[in-house]
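A.B. asks: Dropping a structure here in structure tokens format, bear with me for questions.
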Amino acid sequence: MNPKNKVNVLKLISTEMNKVIDFYSKNTSNSPKNTDLSSLRDAYNEDRKYWNADAPTMQSIYDTSIQTPYGTVLTRIFQPVINTPATLFYIHGGGFILGNLDTHDRIMRLLALYTGCTVIGVDYSLSPEARYPQAIEEISTVYQFYSLNAEKYNINMSQTGFAGDSAGAMLSLATTLWLRDNNIVNHEIKANLLWYGLYGLQDSASRRLYGGEWDGLTQKDLESYDNAYLGELGGRDAPYYCLFNNDLTDNIPPCFIASAEFDPLLDDSSALFNTLNANKIPCKYKMYPGTLHAFLHYSRIMNIADEAIRDGAEYFKEQLKQ
């Protein structure tokens with residue numbers, strides 16, 4: 001693909017999004033000196049400390065480690081009040097290779113605050129150490145654990161949901177499908193909140209037009225994330241990776257599907273919405289203008305990021321009334 005055919009999105013993004021770009025141009029101390037995975041993770045973790053500052057306080061926050069077939073998985077429970085009407089499981093993004101409960105702290109706190117619900121972050125195993133479908137199986141095990149131990153942890157599992165950004169959005173929906181297809185009770189899942197996910201497209205107009213050094217989503221980057229998660233020989237047609245190869249016609253909770261205007265993954269979200277909508281699965285789609293991939297992190301200076309979290313929270317609350 002000729003890079004000259006790419007759209008120069010840095011001339012088109014919003015004033016708010018430009019402030020983030022300007023911040024990074026003036027603060028390069030967190031840029032990794034090496035490109036090995038350990039250095040990239042350290043830099044990502046350090047960078048997110050700034051964006052997570054001044055997050056809302058919670059009634060309680062506590063960690064619990066849960067045993068899975070692959071070992072223990074750390075989870076973090078955010079409770080904005082003592083008793084909440086529902087529980088949201090948050091699955092963080094990071095291209096399957098980056099991120100943890102700390103890097104997405106502010107997003108989870110805001111989601112708990114705006115929904116008034118318990119939010120449980122899941123620190124699933126990263127790739128390439130863990131390959132598909134390990135993360136999905138871990139998240140599924142966590143969900144089942146809390147279903148069986150709701151009273152012990154003072155959480156309401158009669159109404160639940162999944163939420164996630166980027167790779168976490170895909171893992172959220174993939175886990176919902178996994179629970180359904182393996183006959184694990186999922187009737188209490190009220191909604192999925194999916195921000196700028198990848199759902200399995202290997203080529204699209206948005207992938208051709210967008211993505212670059214500014215968002216870490218060049219064609220080469222996207223291929224490297226796939227390879228880390230699936231392995232060099234991994235099947236990109238697998239139904240819990242390319243979700244369009246799964247059954248998207250029945251027994252799927254309502255979905256809030258959000259996209260960023262200048263994101264190479266834009267068409268993944270659009271295709272998911274159109275597929276669900278064609279099959280009469282309740283869903284809502286919203287594209288946030290002027291934004292780049294991962295904009296949800298920048299709510300400290302981007303009002304539209306806060307708006308996107310509030311929109312998802314409102315959608316979830318609406319489903320609780322159904």
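Ligands are numbered from 1 in the order shown, residues from 1 within each chain, and chains are lettered A, B, ... in the order they appear in the structure tokens.
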From a DSSP pass on the backbone, collect the residues of segment 31-250 of chain A flagged as strand (DSSP E or B) and hand them back as a ChimeraX atom specification.
C.D. replies: /A:60-68,71-79,87-91,118-123,160-165,189-195
A.B. asks: At a cut-off of 9 Å, using only C-alpha atoms, what residues contact Leu177 of chain A? Leave out same-chain residues fewer than 3 positions from it and give the result as a CSV table (one decimal) with all heavy atoms, in the first residue's frame.
C.D. replies:
chain,number,residue,atom,x,y,z
A,172,SER,N,-14.5,-8.0,24.7
A,172,SER,CA,-15.8,-8.0,25.4
A,172,SER,C,-16.8,-8.7,24.6
A,172,SER,O,-17.6,-9.5,25.1
A,172,SER,CB,-16.2,-6.5,25.6
A,172,SER,OG,-15.3,-5.9,26.5
A,173,LEU,N,-16.9,-8.4,23.3
A,173,LEU,CA,-18.0,-9.0,22.5
A,173,LEU,C,-17.6,-10.5,22.2
A,173,LEU,O,-18.5,-11.4,22.3
A,173,LEU,CB,-18.1,-8.3,21.1
A,173,LEU,CG,-19.2,-8.8,20.2
A,173,LEU,CD1,-20.5,-8.9,20.9
A,173,LEU,CD2,-19.3,-7.9,18.9
A,174,ALA,N,-16.3,-10.8,22.1
A,174,ALA,CA,-15.9,-12.2,21.9
A,174,ALA,C,-16.3,-13.0,23.1
A,174,ALA,O,-16.7,-14.2,23.0
A,174,ALA,CB,-14.4,-12.3,21.6
A,180,ARG,N,-22.2,-17.5,25.3
A,180,ARG,CA,-23.4,-17.9,24.6
A,180,ARG,C,-23.2,-19.3,24.0
A,180,ARG,O,-24.0,-20.2,24.2
A,180,ARG,CB,-23.8,-16.9,23.6
A,180,ARG,CG,-25.1,-17.3,22.8
A,180,ARG,CD,-25.2,-16.5,21.5
A,180,ARG,NE,-24.1,-16.9,20.5
A,180,ARG,CZ,-23.9,-16.3,19.4
A,180,ARG,NH1,-24.7,-15.3,19.0
A,180,ARG,NH2,-22.9,-16.7,18.6
A,181,ASP,N,-22.1,-19.4,23.2
A,181,ASP,CA,-21.9,-20.6,22.4
A,181,ASP,C,-21.5,-21.8,23.3
A,181,ASP,O,-21.6,-23.0,22.8
A,181,ASP,CB,-20.8,-20.4,21.4
A,181,ASP,CG,-21.2,-19.3,20.4
A,181,ASP,OD1,-22.4,-19.0,20.3
A,181,ASP,OD2,-20.3,-18.8,19.7
A,182,ASN,N,-21.0,-21.6,24.5
A,182,ASN,CA,-20.6,-22.7,25.4
A,182,ASN,C,-21.7,-23.0,26.4
A,182,ASN,O,-21.5,-23.6,27.4
A,182,ASN,CB,-19.3,-22.4,26.0
A,182,ASN,CG,-18.1,-22.6,25.1
A,182,ASN,OD1,-17.7,-23.7,24.8
A,182,ASN,ND2,-17.7,-21.5,24.6
A,240,TYR,N,-13.9,-16.3,17.0
A,240,TYR,CA,-13.8,-15.4,18.1
A,240,TYR,C,-12.7,-14.4,18.0
A,240,TYR,O,-12.3,-13.6,18.9
A,240,TYR,CB,-13.6,-16.2,19.4
A,240,TYR,CG,-14.7,-17.2,19.6
A,240,TYR,CD1,-14.6,-18.5,19.3
A,240,TYR,CD2,-15.9,-16.8,20.1
A,240,TYR,CE1,-15.6,-19.4,19.5
A,240,TYR,CE2,-17.0,-17.6,20.3
A,240,TYR,CZ,-16.8,-19.0,20.0
A,240,TYR,OH,-17.9,-19.8,20.1
A,243,LEU,N,-15.1,-11.7,14.3
A,243,LEU,CA,-16.4,-11.9,14.9
A,243,LEU,C,-17.5,-11.9,13.8
A,243,LEU,O,-18.6,-12.4,14.1
A,243,LEU,CB,-16.7,-10.8,15.9
A,243,LEU,CG,-15.7,-10.7,17.1
A,243,LEU,CD1,-16.1,-9.8,18.1
A,243,LEU,CD2,-15.4,-12.1,17.7
A,246,ASN,N,-18.7,-15.3,13.2
A,246,ASN,CA,-19.5,-15.9,14.2
A,246,ASN,C,-21.0,-15.7,13.9
A,246,ASN,O,-21.3,-14.9,13.0
A,246,ASN,CB,-19.1,-15.4,15.6
A,246,ASN,CG,-19.4,-16.3,16.8
A,246,ASN,OD1,-20.5,-16.8,16.9
A,246,ASN,ND2,-18.4,-16.6,17.5
A,247,ASP,N,-21.9,-16.2,14.7
A,247,ASP,CA,-23.3,-16.0,14.5
A,247,ASP,C,-23.7,-14.7,15.2
A,247,ASP,O,-23.7,-14.6,16.4
A,247,ASP,CB,-24.1,-17.1,15.1
A,247,ASP,CG,-25.6,-17.0,14.9
A,247,ASP,OD1,-26.0,-16.0,14.3
A,247,ASP,OD2,-26.4,-17.9,15.4
A,248,LEU,N,-24.0,-13.6,14.4
A,248,LEU,CA,-24.4,-12.3,14.9
A,248,LEU,C,-25.8,-12.1,14.7
A,248,LEU,O,-26.3,-10.9,14.6
A,248,LEU,CB,-23.5,-11.2,14.3
A,248,LEU,CG,-22.0,-11.3,14.5
A,248,LEU,CD1,-21.3,-10.2,13.8
A,248,LEU,CD2,-21.7,-11.4,16.0
A,251,ASN,N,-29.4,-13.9,20.1
A,251,ASN,CA,-29.0,-14.0,21.5
A,251,ASN,C,-27.7,-13.2,21.8
A,251,ASN,O,-26.8,-13.6,22.4
A,251,ASN,CB,-28.8,-15.4,21.9
A,251,ASN,CG,-28.7,-15.6,23.4
A,251,ASN,OD1,-29.2,-14.7,24.2
A,251,ASN,ND2,-28.2,-16.7,23.9
A,252,ILE,N,-27.8,-11.9,21.3
A,252,ILE,CA,-26.7,-11.0,21.6
A,252,ILE,C,-27.3,-9.8,22.3
A,252,ILE,O,-28.3,-9.2,21.9
A,252,ILE,CB,-26.0,-10.5,20.2
A,252,ILE,CG1,-25.4,-11.7,19.5
A,252,ILE,CG2,-25.0,-9.4,20.5
A,252,ILE,CD1,-24.9,-11.4,18.1
A.B. asks: Which one of A:Asp22, A:Glu318, A:Asp47, A:Asp237 sits closest to Cys255 of chain A if you count only C-alpha atoms?
C.D. replies: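 Among the listed residues, the smallest separation from Cys255 of chain A belongs to A:Glu318.
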A.B. asks: Identify which of the residues A:Tyr50, A:Phe162, A:Phe244, A:Tyr288 lies closest to Leu193 of chain A, counting only C-alpha atoms when measuring atom-to-atom distances.
C.D. replies: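 Ranking A:Tyr50, A:Phe162, A:Phe244, A:Tyr288 by distance to Leu193 of chain A, first place goes to A:Phe162.
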A.B. asks: Run DSSP on the backbone of this structure and report the residues of segment 16-102 of chain A it assigns to alpha helix (DSSP H), as an mmCIF file with N, CA, C and O atoms, in the first residue's frame.
C.D. replies:
data_model
loop_
_atom_site.group_PDB
_atom_site.id
_atom_site.type_symbol
_atom_site.label_atom_id
_atom_site.label_comp_id
_atom_site.auth_asym_id
_atom_site.auth_seq_id
_atom_site.Cartn_x
_atom_site.Cartn_y
_atom_site.Cartn_z
ATOM 1 N N GLU A 16 -9.385 19.882 20.069
ATOM 2 C CA GLU A 16 -9.112 19.108 21.288
ATOM 3 C C GLU A 16 -8.107 17.994 21.018
ATOM 4 O O GLU A 16 -7.173 17.779 21.811
ATOM 5 N N MET A 17 -8.290 17.292 19.907
ATOM 6 C CA MET A 17 -7.376 16.197 19.584
ATOM 7 C C MET A 17 -5.980 16.737 19.302
ATOM 8 O O MET A 17 -4.966 16.114 19.661
ATOM 9 N N ASN A 18 -5.909 17.919 18.693
ATOM 10 C CA ASN A 18 -4.623 18.552 18.442
ATOM 11 C C ASN A 18 -3.891 18.891 19.730
ATOM 12 O O ASN A 18 -2.653 18.873 19.771
ATOM 13 N N LYS A 19 -4.632 19.222 20.784
ATOM 14 C CA LYS A 19 -3.999 19.513 22.072
ATOM 15 C C LYS A 19 -3.251 18.293 22.596
ATOM 16 O O LYS A 19 -2.189 18.422 23.208
ATOM 17 N N VAL A 20 -3.827 17.119 22.354
ATOM 18 C CA VAL A 20 -3.151 15.883 22.773
ATOM 19 C C VAL A 20 -1.881 15.683 21.957
ATOM 20 O O VAL A 20 -0.821 15.349 22.506
ATOM 21 N N ILE A 21 -1.978 15.880 20.646
ATOM 22 C CA ILE A 21 -0.801 15.750 19.785
ATOM 23 C C ILE A 21 0.279 16.740 20.216
ATOM 24 O O ILE A 21 1.476 16.399 20.290
ATOM 25 N N ASP A 22 -0.118 17.977 20.520
ATOM 26 C CA ASP A 22 0.839 18.992 20.972
ATOM 27 C C ASP A 22 1.480 18.596 22.292
ATOM 28 O O ASP A 22 2.680 18.820 22.499
ATOM 29 N N PHE A 23 0.681 18.009 23.179
ATOM 30 C CA PHE A 23 1.220 17.551 24.461
ATOM 31 C C PHE A 23 2.345 16.552 24.234
ATOM 32 O O PHE A 23 3.409 16.641 24.847
ATOM 33 N N TYR A 24 2.123 15.601 23.339
ATOM 34 C CA TYR A 24 3.139 14.584 23.091
ATOM 35 C C TYR A 24 4.367 15.166 22.380
ATOM 36 O O TYR A 24 5.494 14.715 22.616
ATOM 37 N N SER A 25 4.156 16.166 21.542
ATOM 38 C CA SER A 25 5.304 16.767 20.857
ATOM 39 C C SER A 25 6.202 17.524 21.833
ATOM 40 O O SER A 25 7.405 17.667 21.593
ATOM 41 N N LYS A 26 5.623 17.985 22.930
ATOM 42 C CA LYS A 26 6.386 18.741 23.928
ATOM 43 C C LYS A 26 6.851 17.887 25.100
ATOM 44 O O LYS A 26 7.650 18.337 25.929
ATOM 45 N N LEU A 37 9.506 -5.284 23.603
ATOM 46 C CA LEU A 37 8.179 -5.279 24.203
ATOM 47 C C LEU A 37 8.197 -4.783 25.642
ATOM 48 O O LEU A 37 7.314 -4.024 26.060
ATOM 49 N N SER A 38 9.200 -5.169 26.410
ATOM 50 C CA SER A 38 9.286 -4.725 27.799
ATOM 51 C C SER A 38 9.392 -3.208 27.902
ATOM 52 O O SER A 38 8.726 -2.574 28.729
ATOM 53 N N SER A 39 10.199 -2.605 27.030
ATOM 54 C CA SER A 39 10.347 -1.145 27.027
ATOM 55 C C SER A 39 9.057 -0.458 26.595
ATOM 56 O O SER A 39 8.681 0.574 27.151
ATOM 57 N N LEU A 40 8.391 -1.022 25.599
ATOM 58 C CA LEU A 40 7.124 -0.454 25.148
ATOM 59 C C LEU A 40 6.086 -0.479 26.264
ATOM 60 O O LEU A 40 5.337 0.489 26.461
ATOM 61 N N ARG A 41 6.041 -1.576 26.995
ATOM 62 C CA ARG A 41 5.079 -1.681 28.101
ATOM 63 C C ARG A 41 5.405 -0.685 29.207
ATOM 64 O O ARG A 41 4.511 -0.029 29.751
ATOM 65 N N ASP A 42 6.669 -0.559 29.532
ATOM 66 C CA ASP A 42 7.067 0.388 30.576
ATOM 67 C C ASP A 42 6.695 1.820 30.184
ATOM 68 O O ASP A 42 6.193 2.595 31.010
ATOM 69 N N ALA A 43 6.948 2.170 28.923
ATOM 70 C CA ALA A 43 6.641 3.518 28.451
ATOM 71 C C ALA A 43 5.142 3.766 28.447
ATOM 72 O O ALA A 43 4.674 4.843 28.829
ATOM 73 N N TYR A 44 4.375 2.782 28.015
ATOM 74 C CA TYR A 44 2.909 2.903 27.988
ATOM 75 C C TYR A 44 2.368 3.091 29.403
ATOM 76 O O TYR A 44 1.517 3.962 29.648
ATOM 77 N N ASN A 45 2.882 2.293 30.333
ATOM 78 C CA ASN A 45 2.424 2.392 31.722
ATOM 79 C C ASN A 45 2.760 3.756 32.310
ATOM 80 O O ASN A 45 1.946 4.364 33.023
ATOM 81 N N GLU A 46 3.946 4.253 32.018
ATOM 82 C CA GLU A 46 4.372 5.545 32.551
ATOM 83 C C GLU A 46 3.550 6.675 31.932
ATOM 84 O O GLU A 46 3.133 7.607 32.630
ATOM 85 N N ASP A 47 3.307 6.603 30.650
ATOM 86 C CA ASP A 47 2.545 7.635 29.949
ATOM 87 C C ASP A 47 1.136 7.772 30.518
ATOM 88 O O ASP A 47 0.632 8.887 30.701
ATOM 89 N N ARG A 48 0.494 6.646 30.809
ATOM 90 C CA ARG A 48 -0.894 6.691 31.257
ATOM 91 C C ARG A 48 -1.045 7.289 32.664
ATOM 92 O O ARG A 48 -2.154 7.663 33.052
ATOM 93 N N LYS A 49 0.025 7.412 33.415
ATOM 94 C CA LYS A 49 -0.063 8.010 34.748
ATOM 95 C C LYS A 49 -0.566 9.448 34.661
ATOM 96 O O LYS A 49 -1.369 9.894 35.487
ATOM 97 N N TYR A 50 -0.094 10.195 33.676
ATOM 98 C CA TYR A 50 -0.534 11.575 33.512
ATOM 99 C C TYR A 50 -2.020 11.632 33.184
ATOM 100 O O TYR A 50 -2.779 12.404 33.772
ATOM 101 N N TRP A 51 -2.457 10.802 32.257
ATOM 102 C CA TRP A 51 -3.847 10.861 31.793
ATOM 103 C C TRP A 51 -4.827 10.321 32.819
ATOM 104 O O TRP A 51 -6.028 10.621 32.757
#
A.B. asks: Quote the spacing between atom CA of Asp311 of chain A and atom CA of Phe295 of chain A in Å to one decimal place.
C.D. replies: 14.3 Å
A.B. asks: Can you pull out the residues contacting Gly161 of chain A? Cut-off 6 Å, using only C-alpha atoms, and skip same-chain residues under 5 positions away; I want them as a VMD selection string.
C.D. replies: chain A and resid 88 189 to 192
A.B. asks: Counting only C-alpha atoms, figure out which residue out of A:Asn52, A:Ser259, A:Gln219, A:Asn303 gets nearest to Ile107 of chain A.
C.D. replies: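 Result for the nearest residue to Ile107 of chain A: A:Asn52.
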A.B. asks: Would you mind listing what lies within 6 Å of segment 61-77 of chain A as a CSV table (one decimal) with N, CA, C and O atoms, in the first residue's frame, with only C-alpha atoms counted and same-chain residues fewer than 6 positions away left out?
C.D. replies:
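Final output, result-v4.csv:
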chain,number,residue,atom,x,y,z
A,119,VAL,N,-17.9,-1.6,38.6
A,119,VAL,CA,-17.1,-1.9,37.4
A,119,VAL,C,-16.0,-2.8,37.9
A,119,VAL,O,-15.3,-2.5,38.9
A,120,ILE,N,-15.8,-3.9,37.2
A,120,ILE,CA,-14.7,-4.8,37.5
A,120,ILE,C,-13.8,-4.9,36.3
A,120,ILE,O,-14.1,-5.3,35.2
A,121,GLY,N,-12.5,-4.4,36.6
A,121,GLY,CA,-11.5,-4.5,35.5
A,121,GLY,C,-10.8,-5.9,35.6
A,121,GLY,O,-10.6,-6.4,36.7
A,122,VAL,N,-10.6,-6.4,34.4
A,122,VAL,CA,-10.0,-7.8,34.3
A,122,VAL,C,-8.6,-7.6,33.7
A,122,VAL,O,-8.4,-7.2,32.5
A,123,ASP,N,-7.6,-8.0,34.4
A,123,ASP,CA,-6.2,-7.9,34.0
A,123,ASP,C,-5.8,-9.3,33.2
A,123,ASP,O,-5.0,-10.0,33.7
A.B. asks: Taking only C-alpha atoms into account, which of A:Thr115, A:Asn2, A:Thr57, A:Asn27 comes nearest Ile309 of chain A?
C.D. replies: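 The answer is A:Thr115, which sits nearest to Ile309 of chain A.
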